[in-house]
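Student: Structure in structure tokens, see below.
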Amino acid sequence: MNTQHIRRLLFAAVGLWLLSLAACQKDEIRAVLQLPKAAPALQSSSTNLVLDSTQASQTAVTFSWNLVNVGYNADITYALQFDVPADSFHNPVTVTAGINQKSLSFTVANFNTLALQSLGLPFGQASAVVVRLVASVNQYNGNPSVVPPMYSDPLTLQVTPYQVIISYPSLWVPGDYQGWNPAAAPKVASVKANGVYEGYVYFPAGGTFQFKFTSAPDWSHINYGDGGNMTLDANAGTASGNLSTDGGAGNLQVPGMGYYRLIANTGNLTWSATRTTWSVIGDATAGGWNTDTDMSFDPSTQTWSVTIDLVSSGAFKFRANHDWAINLGVNNGQLTYNGSNIPVPSDGKYLITLNLSVAGNYTFSMKKLN
């Protein structure tokens, strides 16, 4: 091969290399990331959601958005983040829509669960919820994305959840206060299904204050009467004793009129009753954590209520008999014994209502009056 031919081959090889390099540079330029100049926009089919248990399977709300353009055909995961305004997305609830999805819908039941359990909203009243879209560019190599997440401006929703009534194992409490009718009697419930039943019953004046527990809303099944050792303390407002499954056993009794917490243990066959009055206490109230503000009982609605000025810098709880032995707070949106302090959304005068009439499903509401 002569020298001139070798030179031609070298020039051709160099030319091909330069063309290849130019092509690579061209491809690199095409794949340069271009972040949007404006935040992605989020839209909602409704911003006022009054949830209704009779429409549980229907669509409550649909969130929609346009796909983000980052300059090349990227896979982008979209998700919605929900929070209460006071938390400002420090600990949001995140629901993933999927890769390159343009919308996400919630049924009434699903959004109600999110509101009550994930966000801890009270049922039966409107609460503010903030929601935003987050778009995250996926990496193909499995490593964390080098592109920062992109967030929409938040939307504010007004959400009114409904109470989900849980049906627990129960005993009925017929007595002379309601005509000895098990089918119409209030119930005590075993929330842990462990044979320990608990609930509240109001015994009005004018009767004998006698009652029994029945295992069904009739007299044909087990009924629990006096098994002996019954003690009544009128001053303390307490009663206790043993239970008998003998249908002919005597009646149980409380010492007088009042709103009683009843406990029946069908495992060791014991029972007790404690008369209660209820109050609110906390640094959201003028009395702080040292002074109770008493609530009033309405026999017609079987609820306790009080109108009170509250401040949002504090919180409060419910307690019985001005003592911490029986107290109620909120965990995961539910009113529970020894639960966490209840926050106040804003300063103002509130009507607070406490409802203990549905055993195992205790509830409260806060209605702002100004």
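Letters A, B, ... go to the chains of the structure tokens in the order shown; residues in each chain start at 1; ligands are counted from 1 in the same order.
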As a list in words, please: every residue in range 159-209 of chain A that a backbone DSSP assignment puts in strand (DSSP E).
Tutor: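 Filtering range 159-209 of chain A down to strand (DSSP E) leaves Val159, Thr160, Ser170, Leu171, Trp172, Lys187, Val188, Ala189, Val196, Tyr197, Glu198, Gly199, Tyr200, Val201, Tyr202 and Phe203 of chain A.
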Student: So that I can check the surroundings of Ser357 in chain A, please list as a list of chain:residue names every protein, DNA and RNA residue that reaches within 8 Å of it, counting only C-alpha atoms and ignoring chain neighbours fewer than 2 positions away.
Tutor: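 Near Ser357 in chain A, the qualifying residues are A:Pro186, A:Gly199, A:Tyr200, A:Val201, A:Gln302, A:Thr303, A:Asn355, A:Ala359, A:Tyr362.
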Student: Tell me which of A:Val191, A:Leu104, A:Leu328, A:Leu252 sits closest to Phe209 in chain A, counting only C-alpha atoms.
Tutor: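 Among A:Val191, A:Leu104, A:Leu328, A:Leu252, it is A:Leu252 that comes nearest to Phe209 in chain A.
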Student: I'd like the contact shell of Phe63 in chain A - 10 Å cut-off, only C-alpha atoms, skipping same-chain residues fewer than 3 positions apart - returned as a list of chain:residue names.
Tutor: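 Answer for this query is A:Leu42, A:Gln43, A:Ser44, A:Ser45, A:Ser46, A:Leu80, A:Ala97, A:Lys102, A:Ser103, A:Leu104, A:Ser105, A:Phe106, A:Val131, A:Arg132, A:Leu133.
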Student: Output C-alpha atoms of each residue in that selection to a file, as an mmCIF file, in the first residue's frame.
Tutor:
data_model
loop_
_atom_site.group_PDB
_atom_site.id
_atom_site.type_symbol
_atom_site.label_atom_id
_atom_site.label_comp_id
_atom_site.auth_asym_id
_atom_site.auth_seq_id
_atom_site.Cartn_x
_atom_site.Cartn_y
_atom_site.Cartn_z
ATOM 1 C CA LEU A 42 -53.454 22.095 39.984
ATOM 2 C CA GLN A 43 -57.231 22.144 39.529
ATOM 3 C CA SER A 44 -60.000 20.609 41.629
ATOM 4 C CA SER A 45 -63.528 19.703 40.567
ATOM 5 C CA SER A 46 -64.765 21.071 43.905
ATOM 6 C CA LEU A 80 -50.848 14.952 45.673
ATOM 7 C CA ALA A 97 -51.263 9.324 41.090
ATOM 8 C CA LYS A 102 -53.022 13.802 34.441
ATOM 9 C CA SER A 103 -55.635 13.343 37.185
ATOM 10 C CA LEU A 104 -56.579 11.578 40.398
ATOM 11 C CA SER A 105 -60.101 10.949 41.716
ATOM 12 C CA PHE A 106 -61.312 10.011 45.198
ATOM 13 C CA VAL A 131 -53.462 20.262 48.746
ATOM 14 C CA ARG A 132 -50.647 20.634 46.230
ATOM 15 C CA LEU A 133 -49.255 18.699 43.276
#
Student: Could you give me, as number ranges by chain, the residues within 10 Å of Val311 in chain A, counting only C-alpha atoms and dropping anything in the same chain fewer than 5 positions from it?
Tutor: A: 283-286, 343-349
Student: I need the helix (DSSP H, G or I) residues of range 165-267 of chain A per DSSP on the backbone, written as a ChimeraX atom specification.
Tutor: /A:176-178,182-184
Student: Excluding Ala264 in chain A and residues on its chain fewer than 5 positions from it, collect all residues at most 7 Å away from it, counting only C-alpha atoms, and give them as a PyMOL selection string.
Tutor: chain A and resi 196-198+270-272
Student: Mind dumping the selected residues with N, CA and C atoms as a compact mmCIF listing (two decimals), in the first residue's frame?
Tutor:
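The result, written out as part29.txt:
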# COMPACT_ATOMS: atom_id res chain seq x y z
N VAL A 196 -65.14 -7.16 77.83
CA VAL A 196 -65.32 -6.00 78.72
C VAL A 196 -66.12 -4.96 77.93
N TYR A 197 -67.31 -4.64 78.44
CA TYR A 197 -68.24 -3.74 77.75
C TYR A 197 -68.34 -2.43 78.52
N GLU A 198 -68.43 -1.33 77.75
CA GLU A 198 -68.43 0.00 78.39
C GLU A 198 -69.32 0.94 77.60
N THR A 270 -68.33 -9.36 86.59
CA THR A 270 -68.39 -8.19 87.49
C THR A 270 -68.95 -7.01 86.72
N TRP A 271 -69.40 -6.00 87.44
CA TRP A 271 -69.91 -4.78 86.81
C TRP A 271 -69.65 -3.59 87.74
N SER A 272 -69.70 -2.39 87.15
CA SER A 272 -69.55 -1.16 87.94
C SER A 272 -70.27 -0.02 87.24
Student: Would you pick out the contacts of Leu232 in chain A at 8 Å or less, using only C-alpha atoms, so that residues sharing its chain but fewer than 6 positions from it are not included, and give the list as a ChimeraX atom specification?
Tutor: /A:238-240,253-255
Student: Can those selected residues be exported to a file as a PDB file, in the first residue's frame so that it contains N, CA and C atoms?
Tutor:
ATOM      1  N   THR A 238     -71.468   5.876  92.850  1.00  0.00           N
ATOM      2  CA  THR A 238     -70.901   4.652  92.290  1.00  0.00           C
ATOM      3  C   THR A 238     -71.707   3.435  92.714  1.00  0.00           C
ATOM      4  N   ALA A 239     -71.566   2.371  91.955  1.00  0.00           N
ATOM      5  CA  ALA A 239     -72.167   1.084  92.277  1.00  0.00           C
ATOM      6  C   ALA A 239     -71.295   0.003  91.663  1.00  0.00           C
ATOM      7  N   SER A 240     -71.324  -1.200  92.242  1.00  0.00           N
ATOM      8  CA  SER A 240     -70.540  -2.302  91.705  1.00  0.00           C
ATOM      9  C   SER A 240     -71.056  -3.610  92.277  1.00  0.00           C
ATOM     10  N   GLN A 253     -78.615  -2.034  89.986  1.00  0.00           N
ATOM     11  CA  GLN A 253     -79.144  -0.721  90.356  1.00  0.00           C
ATOM     12  C   GLN A 253     -78.009   0.286  90.499  1.00  0.00           C
ATOM     13  N   VAL A 254     -78.314   1.542  90.140  1.00  0.00           N
ATOM     14  CA  VAL A 254     -77.411   2.661  90.436  1.00  0.00           C
ATOM     15  C   VAL A 254     -78.027   3.461  91.578  1.00  0.00           C
ATOM     16  N   PRO A 255     -77.217   4.279  92.301  1.00  0.00           N
ATOM     17  CA  PRO A 255     -77.719   4.906  93.523  1.00  0.00           C
ATOM     18  C   PRO A 255     -78.692   6.064  93.334  1.00  0.00           C
TER      19      PRO A 255
END
Student: Within 8 Å of Ala320 in chain A, counting only C-alpha atoms, which residues qualify if same-chain residues fewer than 3 places away don't, as a count of residues only?
Tutor: 9
Student: Please compute the CA of Gly250 in chain A-CA of Ala189 in chain A distance, one decimal, in Å.
Tutor: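 Interatomic distance, CA of Gly250 in chain A to CA of Ala189 in chain A: 22.6 Å.
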Student: Between A:Pro174, A:Gly124, A:Gly287, A:Pro154, which residue has the minimum interatomic distance to Lys367 in chain A, considering only C-alpha atoms?
Tutor: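 Going through A:Pro174, A:Gly124, A:Gly287, A:Pro154 one by one, the smallest distance to Lys367 in chain A is for A:Gly124.
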Student: Please measure the separation of CA of Val164 in chain A and CA of Thr107 in chain A, giving the value in Å to one decimal.
Tutor: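 Between these atoms lies a distance of 14.9 Å.
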Student: Could you tell me how far CA of Ser365 in chain A lies from CA of Ile352 in chain A, in Å and to one decimal?
Tutor: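 A separation of 5.7 Å between them.
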